[in-house]
Amino acid sequence: MIASYRGRDFLSMNDLTGEEIEEVLDLASELKIRQKKGISTPILKGKTLAMIFSKNSTRTRVSFEVGMVQLGGYPLFITATDSQLSRGEPIADTARVLSRMVDGIMIRTYSHSEVEELAYYADVPVINGLTDYEHPCQIMADLLTIKEHKGQLRGLKVAWVGDGNNVCHSLMIGAAKVGMEVAVATPPGYEPDQKVSLIAQKETSRWGTKLLLTHDPVEAVTGADVVVTDVWASMGQEAESAERVKVFEPYQVNGELVSHAKQDFIFLHCLPAHRGEEVTAEVIDGEHSVVFAEAENRLHAQKAILTLLLG
């Protein structure tokens, strides 16, 4: 199984088939169990991972850095301002140089095309730690969390409420590929990218499930097994915050909205969260919330990805 992944890039949830996503999740569960039992797993002993951060992060940095250490490898933290990228070095040259020194590259940045260019010129696997278009590592952790708490993925309904952003894009593709029903409620003008919707539509059709795109959050959440949201203004959108609060206020995930979900629904949020804006404290701190298990699973899901691509 490992040989089929070795050397590949992971830039989008669309880089994996539904079967491959399930395989990564199975390995993540195995690695999580081993870590909890204190069993050492130095699968990447002697391997190095360059981690390029143009955007700040808590969970992405800590989970990749700790993950590499737990796997016996070595992570290198590189900010854009600490590298020659800040002086205008072409991303292609950075890719060629790093490929001669490290075994893999993780990048967290703004432009998705920048990550695609990095992967094109790199001779080692490139992992998308977040772009403005997709956040695939987050969704691998989300799917792992859903499977742990619901026992399955196929046939469940996941409802996204809020901005049709990068996290929404990866969720739509990933959930559709593993046989989940997907419902997305956004304000007019904030819908997910049409290409992403077409991919998700194709995948849901393959499974005989549904993709719902709506402006009505109640319609999306009704009967949902999983409810997901994100901040209304992501990093880099701070100037739009005041306007977005007005637009997104009807899309707040609160007690009244989740009363339309199934009684045993779970709530996910990639964090950081703004209590009182996109979600109320009664939901994110309530009995249905699994956000901290979700955050922990960034570590285990990414360890599986690193093992398969770099191992």
# chains A, B, ... in the order shown; residues from 1 in each chain; ligands from 1
>>> select_by_dssp(residues="stretch 115-260 of chain A", states="strand (DSSP E or B)", output="short mmCIF file (atom, residue, chain, number, x, y, z; two decimals) with C-alpha atoms, in the first residue's frame")
data_model
loop_
_atom_site.label_atom_id
_atom_site.label_comp_id
_atom_site.auth_asym_id
_atom_site.auth_seq_id
_atom_site.Cartn_x
_atom_site.Cartn_y
_atom_site.Cartn_z
CA VAL A 126 4.67 18.68 -1.52
CA ILE A 127 1.84 18.87 1.04
CA ASN A 128 -0.72 21.69 1.08
CA GLY A 129 -0.87 22.95 4.67
CA LEU A 130 -3.50 25.53 3.59
CA LYS A 157 -25.14 13.89 6.05
CA VAL A 158 -22.66 16.72 6.64
CA ALA A 159 -23.90 20.33 6.65
CA TRP A 160 -21.59 23.29 6.10
CA VAL A 161 -22.90 26.70 7.22
CA GLU A 181 -24.42 13.53 1.63
CA VAL A 182 -23.23 17.14 1.48
CA ALA A 183 -25.31 20.26 2.18
CA VAL A 184 -23.78 23.75 1.95
CA ALA A 185 -25.54 26.93 3.09
CA LEU A 211 -25.10 17.64 -2.99
CA LEU A 212 -27.28 20.53 -1.82
CA LEU A 213 -26.23 24.14 -2.39
CA THR A 214 -28.57 26.57 -0.68
CA VAL A 226 -22.47 16.56 11.26
CA VAL A 227 -22.60 20.39 11.37
CA VAL A 228 -19.50 22.37 10.40
CA THR A 229 -18.65 26.04 10.24
CA VAL A 253 -24.58 28.19 14.24
#
>>> closest_residue(among="A:Asp225, A:Glu256, A:Asp9, A:Asp132", to="A:Gly155", atoms="only C-alpha atoms")
A:Asp225
>>> closest_residue(among="A:Leu143, A:Ala92, A:Val62, A:Cys270", to="A:Val167", atoms="only C-alpha atoms")
A:Cys270
>>> atom_distance(atom1="atom CA of A:His300", atom2="atom CA of A:Lys32")
5.7 Å
>>> residues_around(residues="A:Met235", least_positions_apart="3", cutoff="12 Å", atoms="only C-alpha atoms", output="compact mmCIF listing (two decimals) with N, CA, C and O atoms, in the first residue's frame")
# COMPACT_ATOMS: atom_id res chain seq x y z
N SER A 54 3.84 31.06 5.11
CA SER A 54 3.56 32.46 4.77
C SER A 54 2.39 32.98 5.60
O SER A 54 2.17 34.19 5.68
N LYS A 55 1.61 32.04 6.17
CA LYS A 55 0.51 32.38 7.07
C LYS A 55 0.80 31.77 8.44
O LYS A 55 1.24 30.62 8.52
N ASN A 56 0.53 32.53 9.49
CA ASN A 56 0.74 32.02 10.84
C ASN A 56 -0.19 30.86 11.14
O ASN A 56 -1.24 30.70 10.51
N SER A 57 0.19 30.06 12.13
CA SER A 57 -0.65 28.92 12.49
C SER A 57 -0.25 28.39 13.85
O SER A 57 0.91 28.46 14.23
N ARG A 108 2.21 26.42 3.80
CA ARG A 108 0.95 27.06 4.22
C ARG A 108 1.02 28.51 3.75
O ARG A 108 1.83 29.30 4.24
N THR A 109 0.19 28.84 2.75
CA THR A 109 0.31 30.15 2.13
C THR A 109 -1.03 30.63 1.61
O THR A 109 -2.08 30.04 1.90
N TYR A 110 -1.03 31.67 0.83
CA TYR A 110 -2.26 32.27 0.32
C TYR A 110 -2.70 31.66 -1.01
O TYR A 110 -3.75 31.06 -1.14
N LEU A 130 -2.37 24.59 3.73
CA LEU A 130 -3.50 25.53 3.59
C LEU A 130 -3.20 26.51 2.48
O LEU A 130 -2.08 27.02 2.37
N THR A 131 -4.17 26.73 1.63
CA THR A 131 -4.16 27.84 0.67
C THR A 131 -5.53 28.51 0.74
O THR A 131 -6.43 28.04 1.43
N ASP A 132 -5.68 29.58 -0.01
CA ASP A 132 -6.98 30.25 -0.04
C ASP A 132 -8.04 29.39 -0.73
O ASP A 132 -9.23 29.70 -0.63
N ASN A 165 -15.57 28.75 1.55
CA ASN A 165 -14.13 29.04 1.50
C ASN A 165 -13.29 27.78 1.27
O ASN A 165 -13.79 26.73 0.86
N ASN A 166 -11.99 27.90 1.59
CA ASN A 166 -11.06 26.79 1.37
C ASN A 166 -11.44 25.53 2.15
O ASN A 166 -11.38 24.41 1.62
N ASP A 230 -16.96 27.78 10.05
CA ASP A 230 -15.63 28.39 10.14
C ASP A 230 -15.83 29.87 10.42
O ASP A 230 -16.96 30.39 10.35
N VAL A 231 -14.75 30.57 10.71
CA VAL A 231 -14.85 32.01 10.96
C VAL A 231 -15.42 32.72 9.74
O VAL A 231 -15.30 32.24 8.61
N TRP A 232 -16.00 33.89 9.97
CA TRP A 232 -16.60 34.64 8.87
C TRP A 232 -15.57 35.41 8.06
O TRP A 232 -15.77 35.70 6.89
N GLU A 238 -9.25 40.54 6.99
CA GLU A 238 -9.58 41.37 8.16
C GLU A 238 -10.27 42.67 7.76
O GLU A 238 -11.14 43.16 8.48
N ALA A 239 -9.89 43.25 6.62
CA ALA A 239 -10.48 44.51 6.19
C ALA A 239 -11.96 44.37 5.87
O ALA A 239 -12.70 45.36 5.86
N GLU A 240 -12.41 43.14 5.61
CA GLU A 240 -13.81 42.89 5.26
C GLU A 240 -14.64 42.49 6.48
O GLU A 240 -15.83 42.20 6.35
N SER A 241 -14.03 42.46 7.66
CA SER A 241 -14.68 41.89 8.85
C SER A 241 -16.03 42.53 9.15
O SER A 241 -17.04 41.82 9.36
N PRO A 272 -9.12 28.75 14.83
CA PRO A 272 -9.71 29.36 16.02
C PRO A 272 -11.16 29.79 15.77
O PRO A 272 -11.52 30.11 14.65
>>> residues_around(residues="A:Glu117", least_positions_apart="6", cutoff="10 Å", atoms="only C-alpha atoms", output="list in words")
Pro90, Ile91, Ala92 and Ala95 of chain A
>>> atom_distance(atom1="atom CA of A:His215", atom2="atom CA of A:Gln263")
23.1 Å
>>> atom_distance(atom1="atom CA of A:Thr94", atom2="atom CA of A:Pro75")
16.9 Å
>>> closest_residue(among="A:Ile43, A:Val178, A:Ala200, A:Leu49", to="A:Thr17", atoms="only C-alpha atoms")
A:Val178
>>> residues_around(residues="stretch 69-73 of chain A", least_positions_apart="5", cutoff="10 Å", atoms="only C-alpha atoms", output="short mmCIF file (atom, residue, chain, number, x, y, z; two decimals) with all heavy atoms, in the first residue's frame")
data_model
loop_
_atom_site.label_atom_id
_atom_site.label_comp_id
_atom_site.auth_asym_id
_atom_site.auth_seq_id
_atom_site.Cartn_x
_atom_site.Cartn_y
_atom_site.Cartn_z
N LEU A 31 -1.82 4.68 13.78
CA LEU A 31 -0.75 5.48 14.36
C LEU A 31 -1.19 6.15 15.66
O LEU A 31 -0.41 6.29 16.60
CB LEU A 31 -0.29 6.54 13.35
CG LEU A 31 0.43 6.01 12.11
CD1 LEU A 31 0.62 7.13 11.08
CD2 LEU A 31 1.79 5.40 12.49
N GLN A 35 0.51 5.63 19.30
CA GLN A 35 1.01 6.76 20.09
C GLN A 35 0.40 6.75 21.49
O GLN A 35 1.09 7.00 22.48
CB GLN A 35 0.66 8.07 19.37
CG GLN A 35 1.28 9.30 20.02
CD GLN A 35 2.80 9.29 19.96
OE1 GLN A 35 3.38 8.79 19.01
NE2 GLN A 35 3.44 9.82 21.00
N SER A 40 6.74 3.34 20.05
CA SER A 40 7.51 4.18 19.13
C SER A 40 7.31 3.73 17.68
O SER A 40 7.26 2.54 17.39
CB SER A 40 9.00 4.10 19.50
OG SER A 40 9.76 4.86 18.60
N THR A 41 7.18 4.72 16.78
CA THR A 41 6.98 4.42 15.36
C THR A 41 7.92 5.27 14.52
O THR A 41 7.50 6.22 13.84
CB THR A 41 5.51 4.69 14.95
OG1 THR A 41 4.62 4.11 15.91
CG2 THR A 41 5.21 4.10 13.58
N PRO A 42 9.22 4.94 14.54
CA PRO A 42 10.20 5.80 13.82
C PRO A 42 10.28 5.49 12.32
O PRO A 42 11.35 5.26 11.76
CB PRO A 42 11.50 5.46 14.54
CG PRO A 42 11.34 4.03 14.95
CD PRO A 42 9.88 3.85 15.27
N ILE A 43 9.13 5.53 11.66
CA ILE A 43 9.05 5.17 10.24
C ILE A 43 9.84 6.13 9.37
O ILE A 43 10.36 5.75 8.32
CB ILE A 43 7.57 5.14 9.80
CG1 ILE A 43 6.80 4.10 10.62
CG2 ILE A 43 7.44 4.85 8.31
CD1 ILE A 43 5.30 4.14 10.39
N LEU A 44 9.96 7.39 9.79
CA LEU A 44 10.64 8.40 8.97
C LEU A 44 12.00 8.78 9.57
O LEU A 44 12.47 9.91 9.39
CB LEU A 44 9.75 9.64 8.84
CG LEU A 44 8.41 9.43 8.13
CD1 LEU A 44 7.66 10.75 7.99
CD2 LEU A 44 8.59 8.77 6.77
N LYS A 45 12.64 7.83 10.24
CA LYS A 45 13.95 8.11 10.84
C LYS A 45 14.93 8.57 9.74
O LYS A 45 15.08 7.92 8.71
CB LYS A 45 14.50 6.86 11.52
CG LYS A 45 15.81 7.10 12.25
CD LYS A 45 16.27 5.84 12.97
CE LYS A 45 17.58 6.11 13.72
NZ LYS A 45 18.04 4.89 14.43
N GLY A 46 15.56 9.70 9.99
CA GLY A 46 16.52 10.25 9.03
C GLY A 46 15.90 11.12 7.95
O GLY A 46 16.62 11.72 7.15
N LYS A 47 14.56 11.19 7.90
CA LYS A 47 13.89 12.01 6.89
C LYS A 47 13.69 13.44 7.40
O LYS A 47 13.54 13.67 8.61
CB LYS A 47 12.52 11.42 6.56
CG LYS A 47 12.56 9.98 6.05
CD LYS A 47 12.90 9.90 4.59
CE LYS A 47 12.76 8.47 4.08
NZ LYS A 47 13.01 8.37 2.64
N THR A 48 13.66 14.40 6.49
CA THR A 48 13.47 15.80 6.86
C THR A 48 12.29 16.40 6.10
O THR A 48 12.04 16.06 4.93
CB THR A 48 14.73 16.63 6.56
OG1 THR A 48 15.14 16.38 5.21
CG2 THR A 48 15.86 16.26 7.51
N LEU A 49 11.58 17.31 6.76
CA LEU A 49 10.44 18.00 6.15
C LEU A 49 10.65 19.50 6.29
O LEU A 49 10.77 20.02 7.40
CB LEU A 49 9.13 17.61 6.85
CG LEU A 49 7.87 18.34 6.35
CD1 LEU A 49 7.45 17.82 4.97
CD2 LEU A 49 6.71 18.19 7.35
N SER A 63 1.22 20.41 14.83
CA SER A 63 0.89 19.03 14.43
C SER A 63 1.91 18.47 13.45
O SER A 63 2.30 17.29 13.55
CB SER A 63 -0.52 18.97 13.84
OG SER A 63 -0.67 19.88 12.77
N PHE A 64 2.37 19.27 12.48
CA PHE A 64 3.38 18.76 11.55
C PHE A 64 4.73 18.58 12.26
O PHE A 64 5.43 17.59 12.03
CB PHE A 64 3.55 19.70 10.35
CG PHE A 64 2.65 19.37 9.20
CD1 PHE A 64 1.55 20.14 8.91
CD2 PHE A 64 2.92 18.26 8.40
CE1 PHE A 64 0.71 19.83 7.85
CE2 PHE A 64 2.09 17.95 7.34
CZ PHE A 64 0.98 18.73 7.05
N ASP A 103 13.40 15.79 2.30
CA ASP A 103 12.64 14.66 1.74
C ASP A 103 11.19 15.01 1.44
O ASP A 103 10.47 14.22 0.82
CB ASP A 103 12.69 13.49 2.73
CG ASP A 103 14.11 13.02 2.98
OD1 ASP A 103 14.70 12.41 2.08
OD2 ASP A 103 14.64 13.31 4.08
N LEU A 299 -2.85 16.01 14.07
CA LEU A 299 -1.58 15.30 14.29
C LEU A 299 -1.61 13.91 13.67
O LEU A 299 -0.71 13.54 12.90
CB LEU A 299 -1.31 15.21 15.79
CG LEU A 299 -0.14 14.31 16.22
CD1 LEU A 299 1.18 14.85 15.71
CD2 LEU A 299 -0.11 14.17 17.74
N LYS A 303 0.31 12.58 10.29
CA LYS A 303 1.34 11.54 10.42
C LYS A 303 1.11 10.44 9.39
O LYS A 303 2.07 9.90 8.81
CB LYS A 303 1.33 10.96 11.84
CG LYS A 303 1.97 11.87 12.88
CD LYS A 303 1.78 11.36 14.29
CE LYS A 303 2.53 10.05 14.54
NZ LYS A 303 2.37 9.61 15.95
N ALA A 304 -0.14 10.12 9.14
CA ALA A 304 -0.43 9.10 8.12
C ALA A 304 -0.03 9.61 6.74
O ALA A 304 0.55 8.88 5.93
CB ALA A 304 -1.92 8.76 8.16
N LEU A 306 2.25 11.90 6.00
CA LEU A 306 3.71 11.96 5.94
C LEU A 306 4.30 10.57 5.75
O LEU A 306 5.23 10.37 4.96
CB LEU A 306 4.26 12.59 7.23
CG LEU A 306 3.99 14.08 7.42
CD1 LEU A 306 4.28 14.49 8.86
CD2 LEU A 306 4.84 14.91 6.46
N THR A 307 3.76 9.60 6.46
CA THR A 307 4.26 8.22 6.37
C THR A 307 4.11 7.68 4.95
O THR A 307 5.03 7.08 4.39
CB THR A 307 3.48 7.32 7.34
OG1 THR A 307 3.73 7.76 8.68
CG2 THR A 307 3.90 5.86 7.21
N GLY A 311 7.58 7.94 3.25
CA GLY A 311 8.12 6.69 3.78
C GLY A 311 8.79 5.82 2.72
O GLY A 311 8.71 6.07 1.54
#
>>> residues_around(residues="A:Tyr5", least_positions_apart="5", cutoff="12 Å", atoms="only C-alpha atoms", output="number ranges by chain")
A: 10, 15-17, 20-21, 23-24, 125, 304-311
>>> write_last_selection(atoms="N, CA and C atoms", output="short mmCIF file (atom, residue, chain, number, x, y, z; two decimals), in the first residue's frame")
data_model
loop_
_atom_site.label_atom_id
_atom_site.label_comp_id
_atom_site.auth_asym_id
_atom_site.auth_seq_id
_atom_site.Cartn_x
_atom_site.Cartn_y
_atom_site.Cartn_z
N PHE A 10 0.26 16.08 -2.17
CA PHE A 10 -1.09 16.15 -1.61
C PHE A 10 -1.47 17.63 -1.53
N ASP A 15 -6.81 14.86 -5.02
CA ASP A 15 -5.62 14.07 -5.36
C ASP A 15 -5.77 12.63 -4.90
N LEU A 16 -6.76 12.34 -4.07
CA LEU A 16 -6.98 10.99 -3.55
C LEU A 16 -8.35 10.48 -3.99
N THR A 17 -8.43 9.18 -4.21
CA THR A 17 -9.73 8.57 -4.44
C THR A 17 -10.42 8.36 -3.09
N GLU A 20 -8.63 5.65 -1.29
CA GLU A 20 -7.34 6.09 -0.72
C GLU A 20 -7.56 6.92 0.54
N ILE A 21 -8.59 7.76 0.54
CA ILE A 21 -8.89 8.54 1.75
C ILE A 21 -9.16 7.59 2.91
N GLU A 23 -8.01 4.58 3.27
CA GLU A 23 -6.75 3.94 3.65
C GLU A 23 -5.91 4.87 4.53
N VAL A 24 -5.87 6.15 4.18
CA VAL A 24 -5.12 7.12 5.00
C VAL A 24 -5.74 7.20 6.40
N PRO A 125 7.85 15.14 -2.42
CA PRO A 125 6.43 15.38 -2.19
C PRO A 125 6.16 16.75 -1.58
N ALA A 304 -0.14 10.12 9.14
CA ALA A 304 -0.43 9.10 8.12
C ALA A 304 -0.03 9.61 6.74
N ILE A 305 -0.35 10.86 6.45
CA ILE A 305 0.01 11.43 5.15
C ILE A 305 1.53 11.46 4.97
N LEU A 306 2.25 11.90 6.00
CA LEU A 306 3.71 11.96 5.94
C LEU A 306 4.30 10.57 5.75
N THR A 307 3.76 9.60 6.46
CA THR A 307 4.26 8.22 6.37
C THR A 307 4.11 7.68 4.95
N LEU A 308 2.95 7.93 4.36
CA LEU A 308 2.67 7.37 3.03
C LEU A 308 3.45 8.08 1.93
N LEU A 309 3.60 9.40 2.04
CA LEU A 309 4.26 10.15 0.97
C LEU A 309 5.79 10.14 1.08
N LEU A 310 6.30 10.16 2.32
CA LEU A 310 7.74 10.25 2.52
C LEU A 310 8.39 8.92 2.87
N GLY A 311 7.58 7.94 3.25
CA GLY A 311 8.12 6.69 3.78
C GLY A 311 8.79 5.82 2.72
#
>>> closest_residue(among="A:Gly67, A:Arg8, A:Glu278, A:Glu243", to="A:Leu257", atoms="only C-alpha atoms")
A:Glu278
>>> select_by_dssp(residues="stretch 140-212 of chain A", states="helix (DSSP H, G or I)", output="MDAnalysis selection string")
chainID A and resid 140:150 166:177 194:207
>>> closest_residue(among="A:Leu11, A:Met68, A:Leu85, A:Leu156", to="A:Tyr133", atoms="only C-alpha atoms")
A:Leu11
